[in-house]
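Undergrad: Next up is a structure, given as structure tokens.
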Amino acid sequence: MQSLTIGKVARLAGVGVETIRFYERQGLIAEPPRKESGYRQYPQQTVVRVRFIRRAKELGFTLKEINEMLYLRIDPNTTCEEIRVLAEAKKVDIEEKIRALQKIKEALVKLLATCEGRGPVSECPILDFLDQVES
């Protein structure tokens, strides 16, 4: 099996070298021992694992959730249903975030409607709103 440098792993997985080091510190991937040359040589499987982590992050999973999935993946007692439950929980979390962002957007639309974009900054209704003390 061919071993890879950290740079090669990063390129093949579509991440930066610092991302690889970060994942090592987080315990998501194993840090291989150094060779006599002083370089670390990674197995091909590291690329697969980093791609998995990257894709899971793109779907909104946290590193803690990804670590849990990685653990469940190697546990022979894990069922597909357990992974589905994690994905369903993430979907619900994303839906809540979308609702919160929609409320923020609506508030910004209302706030933008109060400002014509003319006049001195001392009379800016957006800044005045942000300065208001909540009661």
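Ligands are numbered from 1 in the order shown, chains are lettered A, B, ... in the order of the structure tokens, and residues start at 1 in each chain.
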Compile the contact shell of region 20-28 of chain A as a PDB file with N, CA and C atoms, in the first residue's frame: residues with an atom at most 12 Å away, counting only C-alpha atoms, same-chain residues fewer than 3 positions apart removed.
TA:
ATOM      1  N   THR A   5       2.257  11.743   1.853  1.00  0.00           N
ATOM      2  CA  THR A   5       2.652  12.863   2.703  1.00  0.00           C
ATOM      3  C   THR A   5       1.401  13.620   3.120  1.00  0.00           C
ATOM      4  N   ILE A   6       1.544  14.461   4.110  1.00  0.00           N
ATOM      5  CA  ILE A   6       0.404  15.249   4.576  1.00  0.00           C
ATOM      6  C   ILE A   6      -0.127  16.152   3.464  1.00  0.00           C
ATOM      7  N   GLY A   7       0.779  16.709   2.655  1.00  0.00           N
ATOM      8  CA  GLY A   7       0.362  17.567   1.544  1.00  0.00           C
ATOM      9  C   GLY A   7      -0.452  16.808   0.513  1.00  0.00           C
ATOM     10  N   LYS A   8      -0.022  15.591   0.216  1.00  0.00           N
ATOM     11  CA  LYS A   8      -0.741  14.769  -0.759  1.00  0.00           C
ATOM     12  C   LYS A   8      -2.119  14.387  -0.225  1.00  0.00           C
ATOM     13  N   VAL A   9      -2.192  14.018   1.048  1.00  0.00           N
ATOM     14  CA  VAL A   9      -3.490  13.701   1.663  1.00  0.00           C
ATOM     15  C   VAL A   9      -4.412  14.904   1.554  1.00  0.00           C
ATOM     16  N   ALA A  10      -3.885  16.080   1.902  1.00  0.00           N
ATOM     17  CA  ALA A  10      -4.691  17.302   1.863  1.00  0.00           C
ATOM     18  C   ALA A  10      -5.209  17.573   0.452  1.00  0.00           C
ATOM     19  N   ARG A  11      -4.331  17.478  -0.556  1.00  0.00           N
ATOM     20  CA  ARG A  11      -4.756  17.719  -1.950  1.00  0.00           C
ATOM     21  C   ARG A  11      -5.822  16.722  -2.387  1.00  0.00           C
ATOM     22  N   LEU A  12      -5.585  15.451  -2.127  1.00  0.00           N
ATOM     23  CA  LEU A  12      -6.535  14.419  -2.562  1.00  0.00           C
ATOM     24  C   LEU A  12      -7.884  14.529  -1.849  1.00  0.00           C
ATOM     25  N   ALA A  13      -7.856  15.017  -0.609  1.00  0.00           N
ATOM     26  CA  ALA A  13      -9.093  15.129   0.165  1.00  0.00           C
ATOM     27  C   ALA A  13      -9.787  16.475  -0.028  1.00  0.00           C
ATOM     28  N   GLY A  14      -9.086  17.417  -0.665  1.00  0.00           N
ATOM     29  CA  GLY A  14      -9.700  18.721  -0.916  1.00  0.00           C
ATOM     30  C   GLY A  14      -9.722  19.637   0.288  1.00  0.00           C
ATOM     31  N   VAL A  15      -8.705  19.518   1.151  1.00  0.00           N
ATOM     32  CA  VAL A  15      -8.602  20.380   2.328  1.00  0.00           C
ATOM     33  C   VAL A  15      -7.172  20.906   2.420  1.00  0.00           C
ATOM     34  N   GLY A  16      -6.930  21.762   3.384  1.00  0.00           N
ATOM     35  CA  GLY A  16      -5.588  22.281   3.599  1.00  0.00           C
ATOM     36  C   GLY A  16      -4.802  21.411   4.568  1.00  0.00           C
ATOM     37  N   VAL A  17      -3.507  21.570   4.555  1.00  0.00           N
ATOM     38  CA  VAL A  17      -2.627  20.820   5.453  1.00  0.00           C
ATOM     39  C   VAL A  17      -2.988  21.093   6.910  1.00  0.00           C
ATOM     40  N   GLU A  31      -2.566  10.267  13.911  1.00  0.00           N
ATOM     41  CA  GLU A  31      -1.299  10.858  13.491  1.00  0.00           C
ATOM     42  C   GLU A  31      -0.298   9.724  13.333  1.00  0.00           C
ATOM     43  N   PRO A  32       0.171   9.515  12.115  1.00  0.00           N
ATOM     44  CA  PRO A  32       1.105   8.407  11.903  1.00  0.00           C
ATOM     45  C   PRO A  32       2.473   8.717  12.500  1.00  0.00           C
ATOM     46  N   ARG A  40       5.969  12.292   8.143  1.00  0.00           N
ATOM     47  CA  ARG A  40       4.921  11.337   8.473  1.00  0.00           C
ATOM     48  C   ARG A  40       4.336  10.814   7.167  1.00  0.00           C
ATOM     49  N   TYR A  42       1.090   8.858   5.601  1.00  0.00           N
ATOM     50  CA  TYR A  42      -0.294   8.508   5.885  1.00  0.00           C
ATOM     51  C   TYR A  42      -0.750   7.380   4.973  1.00  0.00           C
ATOM     52  N   THR A  46      -6.617   7.408   4.986  1.00  0.00           N
ATOM     53  CA  THR A  46      -6.754   8.746   5.589  1.00  0.00           C
ATOM     54  C   THR A  46      -7.488   9.688   4.644  1.00  0.00           C
ATOM     55  N   VAL A  47      -7.231   9.572   3.364  1.00  0.00           N
ATOM     56  CA  VAL A  47      -7.912  10.420   2.376  1.00  0.00           C
ATOM     57  C   VAL A  47      -9.417  10.156   2.421  1.00  0.00           C
ATOM     58  N   ARG A  49     -11.159   8.996   4.903  1.00  0.00           N
ATOM     59  CA  ARG A  49     -11.698   9.485   6.168  1.00  0.00           C
ATOM     60  C   ARG A  49     -11.839  11.008   6.155  1.00  0.00           C
ATOM     61  N   VAL A  50     -10.853  11.716   5.629  1.00  0.00           N
ATOM     62  CA  VAL A  50     -10.925  13.175   5.580  1.00  0.00           C
ATOM     63  C   VAL A  50     -12.045  13.619   4.641  1.00  0.00           C
ATOM     64  N   ARG A  51     -12.225  12.938   3.543  1.00  0.00           N
ATOM     65  CA  ARG A  51     -13.340  13.262   2.641  1.00  0.00           C
ATOM     66  C   ARG A  51     -14.677  13.056   3.348  1.00  0.00           C
ATOM     67  N   PHE A  52     -14.782  11.976   4.114  1.00  0.00           N
ATOM     68  CA  PHE A  52     -15.996  11.712   4.891  1.00  0.00           C
ATOM     69  C   PHE A  52     -16.261  12.880   5.842  1.00  0.00           C
ATOM     70  N   ILE A  53     -15.230  13.297   6.565  1.00  0.00           N
ATOM     71  CA  ILE A  53     -15.362  14.404   7.513  1.00  0.00           C
ATOM     72  C   ILE A  53     -15.780  15.681   6.786  1.00  0.00           C
ATOM     73  N   ARG A  54     -15.134  15.963   5.659  1.00  0.00           N
ATOM     74  CA  ARG A  54     -15.449  17.168   4.887  1.00  0.00           C
ATOM     75  C   ARG A  54     -16.909  17.158   4.420  1.00  0.00           C
ATOM     76  N   THR A  62     -21.426  18.764  13.240  1.00  0.00           N
ATOM     77  CA  THR A  62     -20.309  19.287  14.018  1.00  0.00           C
ATOM     78  C   THR A  62     -19.222  18.214  14.094  1.00  0.00           C
ATOM     79  N   LEU A  63     -18.027  18.625  14.497  1.00  0.00           N
ATOM     80  CA  LEU A  63     -16.945  17.648  14.640  1.00  0.00           C
ATOM     81  C   LEU A  63     -17.290  16.606  15.705  1.00  0.00           C
ATOM     82  N   LYS A  64     -17.985  17.013  16.747  1.00  0.00           N
ATOM     83  CA  LYS A  64     -18.417  16.063  17.780  1.00  0.00           C
ATOM     84  C   LYS A  64     -19.375  15.026  17.179  1.00  0.00           C
ATOM     85  N   GLU A  65     -20.313  15.489  16.377  1.00  0.00           N
ATOM     86  CA  GLU A  65     -21.262  14.569  15.729  1.00  0.00           C
ATOM     87  C   GLU A  65     -20.548  13.656  14.736  1.00  0.00           C
ATOM     88  N   ILE A  66     -19.598  14.209  14.021  1.00  0.00           N
ATOM     89  CA  ILE A  66     -18.830  13.413  13.060  1.00  0.00           C
ATOM     90  C   ILE A  66     -18.022  12.352  13.783  1.00  0.00           C
ATOM     91  N   ASN A  67     -17.420  12.727  14.890  1.00  0.00           N
ATOM     92  CA  ASN A  67     -16.661  11.763  15.686  1.00  0.00           C
ATOM     93  C   ASN A  67     -17.568  10.628  16.155  1.00  0.00           C
ATOM     94  N   GLU A  68     -18.777  10.980  16.556  1.00  0.00           N
ATOM     95  CA  GLU A  68     -19.744   9.956  16.973  1.00  0.00           C
ATOM     96  C   GLU A  68     -20.089   9.026  15.806  1.00  0.00           C
ATOM     97  N   MET A  69     -20.298   9.608  14.636  1.00  0.00           N
ATOM     98  CA  MET A  69     -20.601   8.769  13.466  1.00  0.00           C
ATOM     99  C   MET A  69     -19.436   7.856  13.119  1.00  0.00           C
ATOM    100  N   LEU A  70     -18.230   8.379  13.217  1.00  0.00           N
ATOM    101  CA  LEU A  70     -17.054   7.559  12.928  1.00  0.00           C
ATOM    102  C   LEU A  70     -16.947   6.396  13.910  1.00  0.00           C
ATOM    103  N   TYR A  71     -17.268   6.666  15.163  1.00  0.00           N
ATOM    104  CA  TYR A  71     -17.247   5.603  16.165  1.00  0.00           C
ATOM    105  C   TYR A  71     -18.335   4.573  15.873  1.00  0.00           C
TER     106      TYR A  71
END
Undergrad: Among the residues of chain A, find those DSSP assigns to strand (DSSP E or B) from the backbone and print them as a PyMOL selection string.
TA: chain A and resi 3-4+34+40+42-43
Undergrad: What gap, in Å, lies between CA of Gly60 (chain A) and CA of Glu106 (chain A)?
TA: 23.6 Å
Undergrad: With the cut-off set at 10 Å and counting only C-alpha atoms, tabulate each residue of region 9-117 of chain A with an atom at most that distance from an atom of region 124-134 of chain A, showing the nearest atom pair and its distance in Å to one decimal, ordered by chain and increasing number, as JSON lines.
TA:
{"residue": "A:Leu108", "atom": "CA", "partner": "A:Ile126", "partner_atom": "CA", "distance": 9.3}
{"residue": "A:Leu111", "atom": "CA", "partner": "A:Ile126", "partner_atom": "CA", "distance": 6.4}
{"residue": "A:Leu112", "atom": "CA", "partner": "A:Ile126", "partner_atom": "CA", "distance": 7.3}
{"residue": "A:Ala113", "atom": "CA", "partner": "A:Ile126", "partner_atom": "CA", "distance": 9.6}
{"residue": "A:Thr114", "atom": "CA", "partner": "A:Pro125", "partner_atom": "CA", "distance": 6.4}
{"residue": "A:Cys115", "atom": "CA", "partner": "A:Pro125", "partner_atom": "CA", "distance": 5.9}
{"residue": "A:Glu116", "atom": "CA", "partner": "A:Cys124", "partner_atom": "CA", "distance": 8.9}
{"residue": "A:Gly117", "atom": "CA", "partner": "A:Cys124", "partner_atom": "CA", "distance": 7.9}
Undergrad: List the neighbours of Lys90 (chain A) out to 12 Å using only C-alpha atoms; skip same-chain residues closer than 5 positions along the sequence, and give me the result as a PyMOL selection string.
TA: chain A and resi 56-62+65-66+83-85+95-97
Undergrad: Keeping only C-alpha atoms, take the residues you just selected and write them out as a compact mmCIF listing (two decimals), in the first residue's frame.
TA:
# COMPACT_ATOMS: atom_id res chain seq x y z
CA ALA A 56 -20.32 15.57 6.84
CA LYS A 57 -19.26 19.13 7.70
CA GLU A 58 -20.81 20.35 4.44
CA LEU A 59 -24.09 18.82 5.64
CA GLY A 60 -23.83 20.78 8.86
CA PHE A 61 -22.58 18.09 11.22
CA THR A 62 -20.31 19.29 14.02
CA GLU A 65 -21.26 14.57 15.73
CA ILE A 66 -18.83 13.41 13.06
CA ILE A 83 -27.15 6.85 11.79
CA ARG A 84 -30.55 7.83 10.41
CA VAL A 85 -31.53 9.22 13.83
CA GLU A 95 -34.76 23.69 9.91
CA GLU A 96 -34.65 25.62 13.20
CA LYS A 97 -31.66 27.62 11.97
Undergrad: For a test of reading the model, state the distance in Å between CA of Arg34 (chain A) and CA of Glu18 (chain A), rounded to one decimal.
TA: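 CA of Glu18 (chain A) lies 17.3 Å from CA of Arg34 (chain A).
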Undergrad: Just to confirm, what's the straight-line distance from CA of Gln45 (chain A) to CA of Ile74 (chain A) in Å (one decimal)?
TA: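 Distance between the two atoms: 14.0 Å.
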